[in-house]
Amino acid sequence: MAIQQIGIVGAGQMGNGIAHVCAVAGYDVVLNDIHEDALRSAVALIDKNLERQVSKDAITTADKAEAMSRIKTTTQLPELGPSDLIIEAATERETIKTAIFEDLLPHLKPETILTSNTSSISITRLASRTDRPEKFLGFHFMNPVPIMQLVELIRGIATDEVTFSACKGVVAKLGKTSATAEDFPAFIVNRILMPMINEAIYTLYEGVGSVESIDTSLKLGANHPMGPLELADFIGLDTCLAIMNVLHDGLADTKYRPCPLLTKYVEAGWLGRKTKRGFYDYSSDTPIPTR
């Protein structure tokens, strides 16, 4: 099926990045959020990131202008109705995601494909709350979206081949690479990545090493571009905890038990970069380890 307009729900870190790459690829984008301020911030950030691409000769000034002209914003979900493809990129909480899909359904075309950018929640379960489980797919972008090459495509048990092929075609048009994952908790990337981050937090919790020594060890000893605690702060500690809880509940294996220190940080509201405090303090220009 031909996809021309893409509706994106959620103008946060992931949503604005998805809007950015879709607009550059030539899709008309309708970006939705419940907060007008979030939409203004998202558009400003997209403009800034596009300008950075212009300065690096990745795109032209004309490309930037065309991409910006393709992005429309709205606080009203019904305005996403004409979209051929919906990408939900809201908070990683299943109740919020299902409520969004239920509110969207009366306004959609029968052929509209629904997808979720969830990093861990069951696609089959989300799809079952809609009127089109065969047209529902997991569409998991990596953060930051304009830079990261991978998109995980996750079929629910009812996802049909037409839907999968259409979404795979979108990934190709975005200039990215798709990997197919089965609908198991956290899929592929986070099934491997989050337990590593959780183990790094246990290593800190048990006093094996400091924040700085743990991150330095993985950067220099395993050639990782970011240390696991630095990466956790970048992702958001609340998101890390949510994914670990999905793994622990869904697979019923104690090896996925979230570290108590991760839980404490989230309870304290220390969520990483977005709150300016996590395993590092971001209140100054240079992040400072907090432990």
# chains A, B, ... in the order shown; residues from 1 in each chain; ligands from 1

$ select_by_dssp --residues "stretch 119-231 of chain A" --states "alpha helix (DSSP H)" --output "compact mmCIF listing (two decimals) with all heavy atoms, in the first residue's frame"
# COMPACT_ATOMS: atom_id res chain seq x y z
N ILE A 123 3.41 -6.54 21.50
CA ILE A 123 2.70 -6.02 20.33
C ILE A 123 1.37 -6.74 20.16
O ILE A 123 0.36 -6.11 19.82
CB ILE A 123 3.58 -6.19 19.07
CG1 ILE A 123 4.89 -5.39 19.21
CG2 ILE A 123 2.82 -5.76 17.82
CD1 ILE A 123 4.70 -3.91 19.50
N THR A 124 1.35 -8.02 20.40
CA THR A 124 0.11 -8.78 20.29
C THR A 124 -0.94 -8.24 21.25
O THR A 124 -2.12 -8.10 20.88
CB THR A 124 0.38 -10.27 20.59
OG1 THR A 124 1.28 -10.79 19.60
CG2 THR A 124 -0.91 -11.08 20.58
N ARG A 125 -0.53 -7.93 22.46
CA ARG A 125 -1.48 -7.42 23.47
C ARG A 125 -1.98 -6.03 23.10
O ARG A 125 -3.17 -5.74 23.21
CB ARG A 125 -0.83 -7.42 24.84
CG ARG A 125 -1.81 -7.31 25.99
CD ARG A 125 -1.20 -7.72 27.31
NE ARG A 125 -0.07 -6.89 27.69
CZ ARG A 125 1.16 -7.35 27.89
NH1 ARG A 125 1.43 -8.65 27.73
NH2 ARG A 125 2.13 -6.54 28.25
N LEU A 126 -1.08 -5.15 22.65
CA LEU A 126 -1.50 -3.82 22.21
C LEU A 126 -2.46 -3.93 21.01
O LEU A 126 -3.48 -3.25 20.97
CB LEU A 126 -0.29 -2.98 21.82
CG LEU A 126 0.62 -2.49 22.95
CD1 LEU A 126 1.86 -1.80 22.36
CD2 LEU A 126 -0.11 -1.54 23.88
N ALA A 127 -2.12 -4.80 20.06
CA ALA A 127 -2.94 -4.96 18.85
C ALA A 127 -4.34 -5.45 19.19
O ALA A 127 -5.33 -5.06 18.54
CB ALA A 127 -2.26 -5.92 17.89
N GLU A 161 1.13 -9.94 6.20
CA GLU A 161 2.32 -9.70 5.40
C GLU A 161 2.28 -8.33 4.72
O GLU A 161 3.32 -7.69 4.54
CB GLU A 161 2.47 -10.80 4.35
CG GLU A 161 3.78 -10.75 3.57
CD GLU A 161 5.01 -10.87 4.45
OE1 GLU A 161 4.97 -11.62 5.44
OE2 GLU A 161 6.03 -10.20 4.15
N VAL A 162 1.09 -7.88 4.33
CA VAL A 162 0.97 -6.59 3.67
C VAL A 162 1.44 -5.47 4.61
O VAL A 162 2.18 -4.57 4.21
CB VAL A 162 -0.48 -6.34 3.22
CG1 VAL A 162 -0.65 -4.91 2.70
CG2 VAL A 162 -0.88 -7.34 2.15
N THR A 163 1.03 -5.55 5.86
CA THR A 163 1.42 -4.55 6.86
C THR A 163 2.93 -4.58 7.09
O THR A 163 3.59 -3.54 7.11
CB THR A 163 0.68 -4.80 8.19
OG1 THR A 163 -0.72 -4.67 7.96
CG2 THR A 163 1.12 -3.84 9.27
N PHE A 164 3.46 -5.77 7.27
CA PHE A 164 4.90 -5.91 7.50
C PHE A 164 5.70 -5.36 6.33
O PHE A 164 6.66 -4.60 6.51
CB PHE A 164 5.25 -7.38 7.75
CG PHE A 164 6.72 -7.61 7.95
CD1 PHE A 164 7.32 -7.35 9.17
CD2 PHE A 164 7.52 -8.08 6.91
CE1 PHE A 164 8.68 -7.54 9.36
CE2 PHE A 164 8.87 -8.28 7.09
CZ PHE A 164 9.45 -8.01 8.32
N SER A 165 5.30 -5.71 5.11
CA SER A 165 6.03 -5.27 3.91
C SER A 165 5.95 -3.75 3.75
O SER A 165 6.94 -3.11 3.36
CB SER A 165 5.46 -5.96 2.67
OG SER A 165 5.67 -7.36 2.74
N ALA A 166 4.77 -3.18 4.04
CA ALA A 166 4.61 -1.73 3.92
C ALA A 166 5.54 -1.00 4.89
O ALA A 166 6.20 -0.01 4.52
CB ALA A 166 3.16 -1.34 4.17
N CYS A 167 5.62 -1.48 6.12
CA CYS A 167 6.47 -0.84 7.12
C CYS A 167 7.96 -1.05 6.81
O CYS A 167 8.78 -0.16 7.03
CB CYS A 167 6.13 -1.34 8.51
SG CYS A 167 4.51 -0.76 9.09
N LYS A 168 8.28 -2.21 6.30
CA LYS A 168 9.66 -2.47 5.90
C LYS A 168 10.06 -1.51 4.77
O LYS A 168 11.19 -1.02 4.73
CB LYS A 168 9.83 -3.92 5.45
CG LYS A 168 11.28 -4.33 5.24
CD LYS A 168 11.40 -5.83 5.00
CE LYS A 168 12.86 -6.23 4.85
NZ LYS A 168 13.02 -7.69 4.65
N GLY A 169 9.12 -1.22 3.87
CA GLY A 169 9.37 -0.27 2.81
C GLY A 169 9.60 1.14 3.33
O GLY A 169 10.43 1.88 2.80
N VAL A 170 8.85 1.53 4.38
CA VAL A 170 9.05 2.84 5.00
C VAL A 170 10.46 2.94 5.58
O VAL A 170 11.15 3.94 5.40
CB VAL A 170 8.00 3.10 6.09
CG1 VAL A 170 8.35 4.35 6.89
CG2 VAL A 170 6.61 3.25 5.47
N VAL A 171 10.90 1.89 6.28
CA VAL A 171 12.25 1.89 6.86
C VAL A 171 13.30 2.08 5.76
O VAL A 171 14.24 2.87 5.93
CB VAL A 171 12.51 0.57 7.63
CG1 VAL A 171 13.96 0.53 8.12
CG2 VAL A 171 11.56 0.44 8.80
N ALA A 172 13.12 1.39 4.65
CA ALA A 172 14.07 1.52 3.54
C ALA A 172 14.08 2.94 2.98
O ALA A 172 15.13 3.51 2.69
CB ALA A 172 13.74 0.51 2.45
N LYS A 173 12.89 3.55 2.86
CA LYS A 173 12.80 4.92 2.33
C LYS A 173 13.44 5.92 3.30
O LYS A 173 13.97 6.95 2.87
CB LYS A 173 11.35 5.28 2.07
CG LYS A 173 11.19 6.62 1.36
CD LYS A 173 9.76 6.89 0.93
CE LYS A 173 9.63 8.25 0.26
NZ LYS A 173 8.24 8.54 -0.16
N VAL A 189 17.10 -5.81 20.84
CA VAL A 189 18.08 -4.85 21.36
C VAL A 189 17.99 -4.71 22.87
O VAL A 189 18.99 -4.87 23.59
CB VAL A 189 17.91 -3.47 20.68
CG1 VAL A 189 18.81 -2.43 21.35
CG2 VAL A 189 18.24 -3.56 19.20
N ASN A 190 16.80 -4.45 23.38
CA ASN A 190 16.67 -4.23 24.82
C ASN A 190 16.71 -5.52 25.63
O ASN A 190 17.02 -5.49 26.83
CB ASN A 190 15.41 -3.43 25.12
CG ASN A 190 15.59 -1.96 24.81
OD1 ASN A 190 16.66 -1.40 25.03
ND2 ASN A 190 14.57 -1.33 24.26
N ARG A 191 16.43 -6.64 25.01
CA ARG A 191 16.58 -7.94 25.69
C ARG A 191 18.05 -8.15 26.05
O ARG A 191 18.38 -8.78 27.07
CB ARG A 191 16.08 -9.06 24.77
CG ARG A 191 16.35 -10.49 25.23
CD ARG A 191 15.44 -10.91 26.37
NE ARG A 191 15.67 -12.29 26.74
CZ ARG A 191 14.99 -13.35 26.25
NH1 ARG A 191 14.02 -13.16 25.37
NH2 ARG A 191 15.26 -14.56 26.66
N ILE A 192 18.95 -7.64 25.23
CA ILE A 192 20.39 -7.79 25.46
C ILE A 192 20.95 -6.57 26.21
O ILE A 192 21.73 -6.70 27.16
CB ILE A 192 21.13 -7.97 24.12
CG1 ILE A 192 20.65 -9.27 23.43
CG2 ILE A 192 22.63 -8.00 24.32
CD1 ILE A 192 21.07 -9.40 21.98
N LEU A 193 20.54 -5.37 25.79
CA LEU A 193 21.13 -4.14 26.32
C LEU A 193 20.73 -3.85 27.76
O LEU A 193 21.58 -3.50 28.60
CB LEU A 193 20.71 -2.96 25.43
CG LEU A 193 21.18 -1.57 25.86
CD1 LEU A 193 22.70 -1.48 25.82
CD2 LEU A 193 20.56 -0.49 24.98
N MET A 194 19.44 -3.98 28.09
CA MET A 194 18.97 -3.57 29.41
C MET A 194 19.52 -4.43 30.55
O MET A 194 19.89 -3.91 31.60
CB MET A 194 17.45 -3.52 29.46
CG MET A 194 16.88 -2.32 28.74
SD MET A 194 17.50 -0.76 29.43
CE MET A 194 17.16 0.35 28.09
N PRO A 195 19.61 -5.75 30.39
CA PRO A 195 20.25 -6.52 31.45
C PRO A 195 21.72 -6.13 31.66
O PRO A 195 22.21 -6.18 32.79
CB PRO A 195 20.12 -7.97 30.96
CG PRO A 195 18.89 -7.95 30.13
CD PRO A 195 18.94 -6.63 29.42
N MET A 196 22.41 -5.72 30.58
CA MET A 196 23.79 -5.25 30.74
C MET A 196 23.81 -3.97 31.58
O MET A 196 24.63 -3.84 32.50
CB MET A 196 24.43 -4.99 29.38
CG MET A 196 25.89 -4.56 29.47
SD MET A 196 26.50 -3.72 27.99
CE MET A 196 25.71 -2.12 28.15
N ILE A 197 22.92 -3.04 31.27
CA ILE A 197 22.84 -1.80 32.04
C ILE A 197 22.46 -2.11 33.49
O ILE A 197 23.05 -1.56 34.44
CB ILE A 197 21.82 -0.84 31.40
CG1 ILE A 197 22.39 -0.27 30.10
CG2 ILE A 197 21.44 0.29 32.36
CD1 ILE A 197 21.42 0.59 29.31
N ASN A 198 21.50 -3.00 33.68
CA ASN A 198 21.06 -3.38 35.03
C ASN A 198 22.21 -4.00 35.82
O ASN A 198 22.40 -3.73 37.01
CB ASN A 198 19.89 -4.35 34.92
CG ASN A 198 19.17 -4.55 36.25
OD1 ASN A 198 18.75 -3.58 36.89
ND2 ASN A 198 19.00 -5.80 36.65
N GLU A 199 23.03 -4.81 35.15
CA GLU A 199 24.18 -5.44 35.81
C GLU A 199 25.23 -4.39 36.17
O GLU A 199 25.88 -4.48 37.22
CB GLU A 199 24.79 -6.51 34.91
CG GLU A 199 25.79 -7.41 35.61
CD GLU A 199 25.19 -8.22 36.75
OE1 GLU A 199 23.98 -8.52 36.72
OE2 GLU A 199 25.94 -8.55 37.71
N ALA A 200 25.38 -3.37 35.32
CA ALA A 200 26.30 -2.28 35.64
C ALA A 200 25.83 -1.54 36.89
O ALA A 200 26.64 -1.14 37.74
CB ALA A 200 26.41 -1.32 34.46
N ILE A 201 24.51 -1.38 37.02
CA ILE A 201 23.97 -0.70 38.20
C ILE A 201 24.17 -1.58 39.44
O ILE A 201 24.51 -1.07 40.52
CB ILE A 201 22.48 -0.35 37.99
CG1 ILE A 201 22.32 0.59 36.79
CG2 ILE A 201 21.89 0.31 39.25
CD1 ILE A 201 20.89 0.82 36.35
N TYR A 202 24.01 -2.88 39.30
CA TYR A 202 24.32 -3.80 40.41
C TYR A 202 25.80 -3.69 40.80
O TYR A 202 26.15 -3.73 41.99
CB TYR A 202 24.00 -5.25 40.03
CG TYR A 202 22.64 -5.73 40.45
CD1 TYR A 202 21.67 -6.06 39.50
CD2 TYR A 202 22.29 -5.84 41.80
CE1 TYR A 202 20.41 -6.52 39.87
CE2 TYR A 202 21.04 -6.29 42.18
CZ TYR A 202 20.10 -6.62 41.22
OH TYR A 202 18.85 -7.06 41.60
N THR A 203 26.66 -3.56 39.81
CA THR A 203 28.09 -3.45 40.07
C THR A 203 28.39 -2.19 40.90
O THR A 203 29.23 -2.22 41.81
CB THR A 203 28.87 -3.41 38.74
OG1 THR A 203 28.54 -4.57 37.98
CG2 THR A 203 30.37 -3.38 38.96
N LEU A 204 27.66 -1.11 40.60
CA LEU A 204 27.78 0.11 41.38
C LEU A 204 27.17 -0.07 42.77
O LEU A 204 27.78 0.29 43.79
CB LEU A 204 27.08 1.26 40.65
CG LEU A 204 27.03 2.61 41.35
CD1 LEU A 204 28.44 3.20 41.48
CD2 LEU A 204 26.11 3.58 40.60
N TYR A 205 25.99 -0.67 42.83
CA TYR A 205 25.25 -0.90 44.07
C TYR A 205 26.05 -1.74 45.07
O TYR A 205 26.05 -1.48 46.27
CB TYR A 205 23.94 -1.59 43.70
CG TYR A 205 23.00 -1.96 44.82
CD1 TYR A 205 22.47 -1.00 45.67
CD2 TYR A 205 22.60 -3.29 44.98
CE1 TYR A 205 21.57 -1.35 46.67
CE2 TYR A 205 21.71 -3.65 45.97
CZ TYR A 205 21.20 -2.68 46.82
OH TYR A 205 20.30 -3.03 47.80
N VAL A 211 30.96 5.02 39.54
CA VAL A 211 30.33 5.36 38.27
C VAL A 211 31.39 5.54 37.19
O VAL A 211 31.31 4.96 36.10
CB VAL A 211 29.48 6.65 38.41
CG1 VAL A 211 29.06 7.17 37.03
CG2 VAL A 211 28.26 6.41 39.28
N GLU A 212 32.39 6.33 37.51
CA GLU A 212 33.43 6.64 36.53
C GLU A 212 34.22 5.39 36.14
O GLU A 212 34.51 5.17 34.96
CB GLU A 212 34.37 7.71 37.09
CG GLU A 212 35.35 8.27 36.07
CD GLU A 212 36.10 9.47 36.61
OE1 GLU A 212 36.29 9.56 37.84
OE2 GLU A 212 36.49 10.31 35.79
N SER A 213 34.57 4.56 37.11
CA SER A 213 35.38 3.38 36.79
C SER A 213 34.58 2.36 35.97
O SER A 213 35.14 1.70 35.09
CB SER A 213 35.92 2.74 38.07
OG SER A 213 34.88 2.29 38.90
N ILE A 214 33.30 2.23 36.27
CA ILE A 214 32.46 1.28 35.51
C ILE A 214 32.34 1.74 34.06
O ILE A 214 32.53 0.95 33.12
CB ILE A 214 31.07 1.13 36.17
CG1 ILE A 214 31.20 0.42 37.51
CG2 ILE A 214 30.11 0.39 35.24
CD1 ILE A 214 29.95 0.51 38.39
N ASP A 215 32.03 3.03 33.86
CA ASP A 215 31.87 3.53 32.50
C ASP A 215 33.20 3.51 31.73
O ASP A 215 33.24 3.13 30.55
CB ASP A 215 31.29 4.94 32.52
CG ASP A 215 29.78 4.94 32.67
OD1 ASP A 215 29.18 3.86 32.58
OD2 ASP A 215 29.20 6.03 32.88
N THR A 216 34.28 3.88 32.39
CA THR A 216 35.60 3.85 31.73
C THR A 216 35.97 2.42 31.35
O THR A 216 36.51 2.18 30.25
CB THR A 216 36.67 4.44 32.66
OG1 THR A 216 36.35 5.81 32.94
CG2 THR A 216 38.05 4.38 32.01
N SER A 217 35.66 1.48 32.22
CA SER A 217 36.01 0.08 31.94
C SER A 217 35.31 -0.45 30.70
O SER A 217 35.92 -1.15 29.87
CB SER A 217 35.65 -0.79 33.15
OG SER A 217 36.44 -0.46 34.26
N LEU A 218 34.04 -0.11 30.53
CA LEU A 218 33.30 -0.60 29.36
C LEU A 218 33.67 0.16 28.10
O LEU A 218 33.72 -0.43 27.01
CB LEU A 218 31.79 -0.54 29.62
CG LEU A 218 31.14 -1.80 30.21
CD1 LEU A 218 31.17 -2.95 29.20
CD2 LEU A 218 31.83 -2.23 31.50
N LYS A 219 33.96 1.44 28.24
CA LYS A 219 34.36 2.20 27.05
C LYS A 219 35.72 1.75 26.53
O LYS A 219 35.90 1.57 25.32
CB LYS A 219 34.38 3.70 27.38
CG LYS A 219 32.99 4.33 27.43
CD LYS A 219 33.03 5.84 27.50
CE LYS A 219 33.38 6.34 28.87
NZ LYS A 219 33.20 7.82 28.98
N LEU A 220 36.66 1.56 27.43
CA LEU A 220 38.01 1.20 27.00
C LEU A 220 38.24 -0.31 26.93
O LEU A 220 39.07 -0.77 26.15
CB LEU A 220 39.04 1.84 27.94
CG LEU A 220 39.00 3.37 28.03
CD1 LEU A 220 40.13 3.87 28.92
CD2 LEU A 220 39.09 4.01 26.65
N GLY A 221 37.51 -1.06 27.76
CA GLY A 221 37.71 -2.51 27.78
C GLY A 221 36.84 -3.27 26.81
O GLY A 221 37.18 -4.38 26.41
N PRO A 228 27.83 2.14 30.32
CA PRO A 228 26.45 1.71 30.57
C PRO A 228 25.65 2.65 31.48
O PRO A 228 24.44 2.80 31.30
CB PRO A 228 26.62 0.33 31.20
CG PRO A 228 28.02 0.32 31.74
CD PRO A 228 28.81 1.17 30.81
N LEU A 229 26.32 3.29 32.44
CA LEU A 229 25.61 4.21 33.33
C LEU A 229 25.33 5.54 32.62
O LEU A 229 24.25 6.13 32.80
CB LEU A 229 26.40 4.43 34.62
CG LEU A 229 26.68 3.13 35.40
CD1 LEU A 229 27.56 3.41 36.62
CD2 LEU A 229 25.39 2.44 35.82
N GLU A 230 26.27 5.98 31.82
CA GLU A 230 26.05 7.16 30.99
C GLU A 230 24.91 6.90 30.01
O GLU A 230 24.05 7.77 29.78
CB GLU A 230 27.35 7.48 30.23
CG GLU A 230 27.28 8.70 29.35
CD GLU A 230 28.55 8.89 28.52
OE1 GLU A 230 29.45 8.01 28.56
OE2 GLU A 230 28.64 9.92 27.83
N LEU A 231 24.88 5.72 29.44
CA LEU A 231 23.82 5.36 28.50
C LEU A 231 22.47 5.29 29.20
O LEU A 231 21.45 5.73 28.65
CB LEU A 231 24.16 4.02 27.83
CG LEU A 231 23.15 3.49 26.81
CD1 LEU A 231 22.92 4.49 25.70
CD2 LEU A 231 23.63 2.15 26.24

$ residues_around --residues "A:Gly250" --least-positions-apart "5" --cutoff "9 Å" --atoms "only C-alpha atoms" --output "list in words"
Phe184, Pro185 and Asn245 of chain A

$ write_last_selection --atoms "N, CA and C atoms" --output "mmCIF file, in the first residue's frame"
data_model
loop_
_atom_site.group_PDB
_atom_site.id
_atom_site.type_symbol
_atom_site.label_atom_id
_atom_site.label_comp_id
_atom_site.auth_asym_id
_atom_site.auth_seq_id
_atom_site.Cartn_x
_atom_site.Cartn_y
_atom_site.Cartn_z
ATOM 1 N N PHE A 184 8.548 -11.140 21.807
ATOM 2 C CA PHE A 184 8.922 -11.547 23.162
ATOM 3 C C PHE A 184 9.297 -10.294 23.944
ATOM 4 N N PRO A 185 9.193 -10.312 25.272
ATOM 5 C CA PRO A 185 9.483 -9.112 26.053
ATOM 6 C C PRO A 185 10.823 -8.471 25.699
ATOM 7 N N ASN A 245 11.241 -4.250 34.276
ATOM 8 C CA ASN A 245 10.030 -4.813 34.876
ATOM 9 C C ASN A 245 9.267 -5.670 33.875
#

$ atom_distance --atom1 "atom CA of A:Ile113" --atom2 "atom CA of A:Thr239"
25.6 Å

$ select_by_dssp --residues "stretch 40-180 of chain A" --states "strand (DSSP E or B)" --output "ChimeraX atom specification"
/A:71-74,85-88,113-116,136-141,150-155,177-180

$ closest_atom_pairs --of "stretch 172-263 of chain A" --to "stretch 10-30 of chain A" --cutoff "12 Å" --atoms "only C-alpha atoms" --output "Markdown table"
| residue | atom | partner | partner_atom | distance |
| --- | --- | --- | --- | --- |
| A:Ala172 | CA | A:Ala25 | CA | 9.8 |
| A:Lys173 | CA | A:Ala25 | CA | 6.4 |
| A:Leu174 | CA | A:Ala25 | CA | 5.4 |
| A:Gly175 | CA | A:Ala25 | CA | 8.0 |
| A:Lys176 | CA | A:Val21 | CA | 9.7 |
| A:Phe234 | CA | A:Gln13 | CA | 10.5 |
| A:Ile235 | CA | A:Gln13 | CA | 9.6 |
| A:Gly236 | CA | A:Gln13 | CA | 10.5 |

$ residues_around --residues "A:Lys64" --least-positions-apart "6" --cutoff "9 Å" --atoms "only C-alpha atoms" --output "PyMOL selection string"
chain A and resi 24+47+50-51+53-54

$ atom_distance --atom1 "atom CA of A:Pro289" --atom2 "atom CA of A:Ala38"
29.2 Å

$ residues_around --residues "A:Glu36" --least-positions-apart "5" --cutoff "12 Å" --atoms "only C-alpha atoms" --output "MDAnalysis selection string"
chainID A and resid 10:12 31 41:43 73:76

$ residues_around --residues "stretch 137-144 of chain A" --least-positions-apart "3" --cutoff "6 Å" --atoms "only C-alpha atoms" --output "PDB file with N, CA, C and O atoms, in the first residue's frame"
ATOM      1  N   THR A 115       1.103   1.426  14.456  1.00  0.00           N
ATOM      2  CA  THR A 115       2.353   0.884  14.978  1.00  0.00           C
ATOM      3  C   THR A 115       2.683   1.539  16.310  1.00  0.00           C
ATOM      4  O   THR A 115       2.206   2.624  16.613  1.00  0.00           O
ATOM      5  N   SER A 116       3.515   0.865  17.077  1.00  0.00           N
ATOM      6  CA  SER A 116       3.986   1.416  18.348  1.00  0.00           C
ATOM      7  C   SER A 116       5.503   1.391  18.377  1.00  0.00           C
ATOM      8  O   SER A 116       6.125   0.406  17.950  1.00  0.00           O
ATOM      9  N   ASN A 117       6.072   2.473  18.887  1.00  0.00           N
ATOM     10  CA  ASN A 117       7.522   2.551  19.059  1.00  0.00           C
ATOM     11  C   ASN A 117       7.946   1.966  20.407  1.00  0.00           C
ATOM     12  O   ASN A 117       9.054   2.195  20.865  1.00  0.00           O
ATOM     13  N   ILE A 123       3.406  -6.543  21.501  1.00  0.00           N
ATOM     14  CA  ILE A 123       2.705  -6.022  20.328  1.00  0.00           C
ATOM     15  C   ILE A 123       1.371  -6.737  20.158  1.00  0.00           C
ATOM     16  O   ILE A 123       0.359  -6.111  19.824  1.00  0.00           O
ATOM     17  N   ILE A 147      20.273   9.703  13.919  1.00  0.00           N
ATOM     18  CA  ILE A 147      21.631   9.155  13.810  1.00  0.00           C
ATOM     19  C   ILE A 147      21.641   7.630  13.742  1.00  0.00           C
ATOM     20  O   ILE A 147      22.375   7.030  12.947  1.00  0.00           O
ATOM     21  N   MET A 148      20.837   6.983  14.560  1.00  0.00           N
ATOM     22  CA  MET A 148      20.885   5.526  14.673  1.00  0.00           C
ATOM     23  C   MET A 148      20.274   4.858  13.446  1.00  0.00           C
ATOM     24  O   MET A 148      19.199   5.242  12.969  1.00  0.00           O
ATOM     25  N   VAL A 151      16.069  -0.033  12.858  1.00  0.00           N
ATOM     26  CA  VAL A 151      14.661  -0.028  13.278  1.00  0.00           C
ATOM     27  C   VAL A 151      14.241  -1.483  13.455  1.00  0.00           C
ATOM     28  O   VAL A 151      14.361  -2.282  12.524  1.00  0.00           O
ATOM     29  N   GLU A 152      13.791  -1.820  14.662  1.00  0.00           N
ATOM     30  CA  GLU A 152      13.261  -3.174  14.899  1.00  0.00           C
ATOM     31  C   GLU A 152      11.804  -3.233  14.437  1.00  0.00           C
ATOM     32  O   GLU A 152      11.006  -2.362  14.810  1.00  0.00           O
ATOM     33  N   LEU A 153      11.477  -4.246  13.645  1.00  0.00           N
ATOM     34  CA  LEU A 153      10.093  -4.496  13.235  1.00  0.00           C
ATOM     35  C   LEU A 153       9.606  -5.737  13.969  1.00  0.00           C
ATOM     36  O   LEU A 153      10.211  -6.810  13.840  1.00  0.00           O
ATOM     37  N   ILE A 154       8.528  -5.586  14.742  1.00  0.00           N
ATOM     38  CA  ILE A 154       8.043  -6.693  15.571  1.00  0.00           C
ATOM     39  C   ILE A 154       6.613  -7.046  15.167  1.00  0.00           C
ATOM     40  O   ILE A 154       5.697  -6.233  15.295  1.00  0.00           O
ATOM     41  N   ARG A 155       6.434  -8.246  14.663  1.00  0.00           N
ATOM     42  CA  ARG A 155       5.097  -8.713  14.296  1.00  0.00           C
ATOM     43  C   ARG A 155       4.350  -9.180  15.544  1.00  0.00           C
ATOM     44  O   ARG A 155       4.905  -9.901  16.380  1.00  0.00           O
TER      45      ARG A 155
END

$ residues_around --residues "A:Tyr265" --least-positions-apart "3" --cutoff "9 Å" --atoms "only C-alpha atoms" --output "list of chain:residue names"
A:Leu237, A:Asp238, A:Pro260, A:Leu261, A:Leu262, A:Ala268, A:Gly269, A:Trp270, A:Leu271, A:Gly278, A:Phe279

$ write_last_selection --atoms "C-alpha atoms" --output "PDB file, in the first residue's frame"
ATOM      1  CA  LEU A 237      16.239   5.641  34.205  1.00  0.00           C
ATOM      2  CA  ASP A 238      12.434   5.423  34.309  1.00  0.00           C
ATOM      3  CA  PRO A 260      17.182  -1.820  43.914  1.00  0.00           C
ATOM      4  CA  LEU A 261      19.427   1.188  43.260  1.00  0.00           C
ATOM      5  CA  LEU A 262      17.736   1.758  39.881  1.00  0.00           C
ATOM      6  CA  ALA A 268      13.730   9.982  43.843  1.00  0.00           C
ATOM      7  CA  GLY A 269      12.950  11.470  40.424  1.00  0.00           C
ATOM      8  CA  TRP A 270      16.596  11.152  39.373  1.00  0.00           C
ATOM      9  CA  LEU A 271      15.893   9.996  35.836  1.00  0.00           C
ATOM     10  CA  GLY A 278      20.992  10.418  37.476  1.00  0.00           C
ATOM     11  CA  PHE A 279      24.272   8.559  37.755  1.00  0.00           C
TER      12      PHE A 279
END

$ closest_residue --among "A:Ile71, A:Phe101, A:Ile59, A:His224" --to "A:Arg129" --atoms "only C-alpha atoms"
A:Phe101

$ closest_residue --among "A:Ile121, A:Ile86, A:Met68, A:Ala222" --to "A:Lys109" --atoms "only C-alpha atoms"
A:Ile86

$ atom_distance --atom1 "atom CA of A:Ala232" --atom2 "atom CA of A:Ile288"
14.8 Å

$ decode --residues "stretch 32-62 of chain A" --atoms "C-alpha atoms" --output "mmCIF file, in the first residue's frame"
data_model
loop_
_atom_site.group_PDB
_atom_site.id
_atom_site.type_symbol
_atom_site.label_atom_id
_atom_site.label_comp_id
_atom_site.auth_asym_id
_atom_site.auth_seq_id
_atom_site.Cartn_x
_atom_site.Cartn_y
_atom_site.Cartn_z
ATOM 1 C CA ASN A 32 0.603 15.163 17.907
ATOM 2 C CA ASP A 33 1.077 15.836 21.598
ATOM 3 C CA ILE A 34 -1.305 16.821 24.392
ATOM 4 C CA HIS A 35 0.919 19.797 25.251
ATOM 5 C CA GLU A 36 1.334 22.726 22.869
ATOM 6 C CA ASP A 37 4.662 23.584 24.531
ATOM 7 C CA ALA A 38 5.990 20.111 23.714
ATOM 8 C CA LEU A 39 5.062 20.594 20.064
ATOM 9 C CA ARG A 40 6.789 23.978 19.887
ATOM 10 C CA SER A 41 9.906 22.528 21.519
ATOM 11 C CA ALA A 42 9.860 19.561 19.132
ATOM 12 C CA VAL A 43 9.652 21.756 16.033
ATOM 13 C CA ALA A 44 12.450 23.989 17.333
ATOM 14 C CA LEU A 45 14.643 20.948 17.985
ATOM 15 C CA ILE A 46 13.920 19.480 14.549
ATOM 16 C CA ASP A 47 14.860 22.809 12.977
ATOM 17 C CA LYS A 48 18.100 22.889 14.983
ATOM 18 C CA ASN A 49 19.010 19.305 14.084
ATOM 19 C CA LEU A 50 18.252 19.880 10.405
ATOM 20 C CA GLU A 51 20.475 22.956 10.462
ATOM 21 C CA ARG A 52 23.242 20.789 11.912
ATOM 22 C CA GLN A 53 22.810 18.417 8.961
ATOM 23 C CA VAL A 54 23.025 21.376 6.568
ATOM 24 C CA SER A 55 26.279 22.510 8.211
ATOM 25 C CA LYS A 56 27.706 19.020 7.667
ATOM 26 C CA ASP A 57 26.554 18.966 4.017
ATOM 27 C CA ALA A 58 24.324 15.975 4.751
ATOM 28 C CA ILE A 59 21.338 17.880 3.315
ATOM 29 C CA THR A 60 20.903 21.199 1.494
ATOM 30 C CA THR A 61 19.179 24.345 2.739
ATOM 31 C CA ALA A 62 16.369 23.580 0.289
#
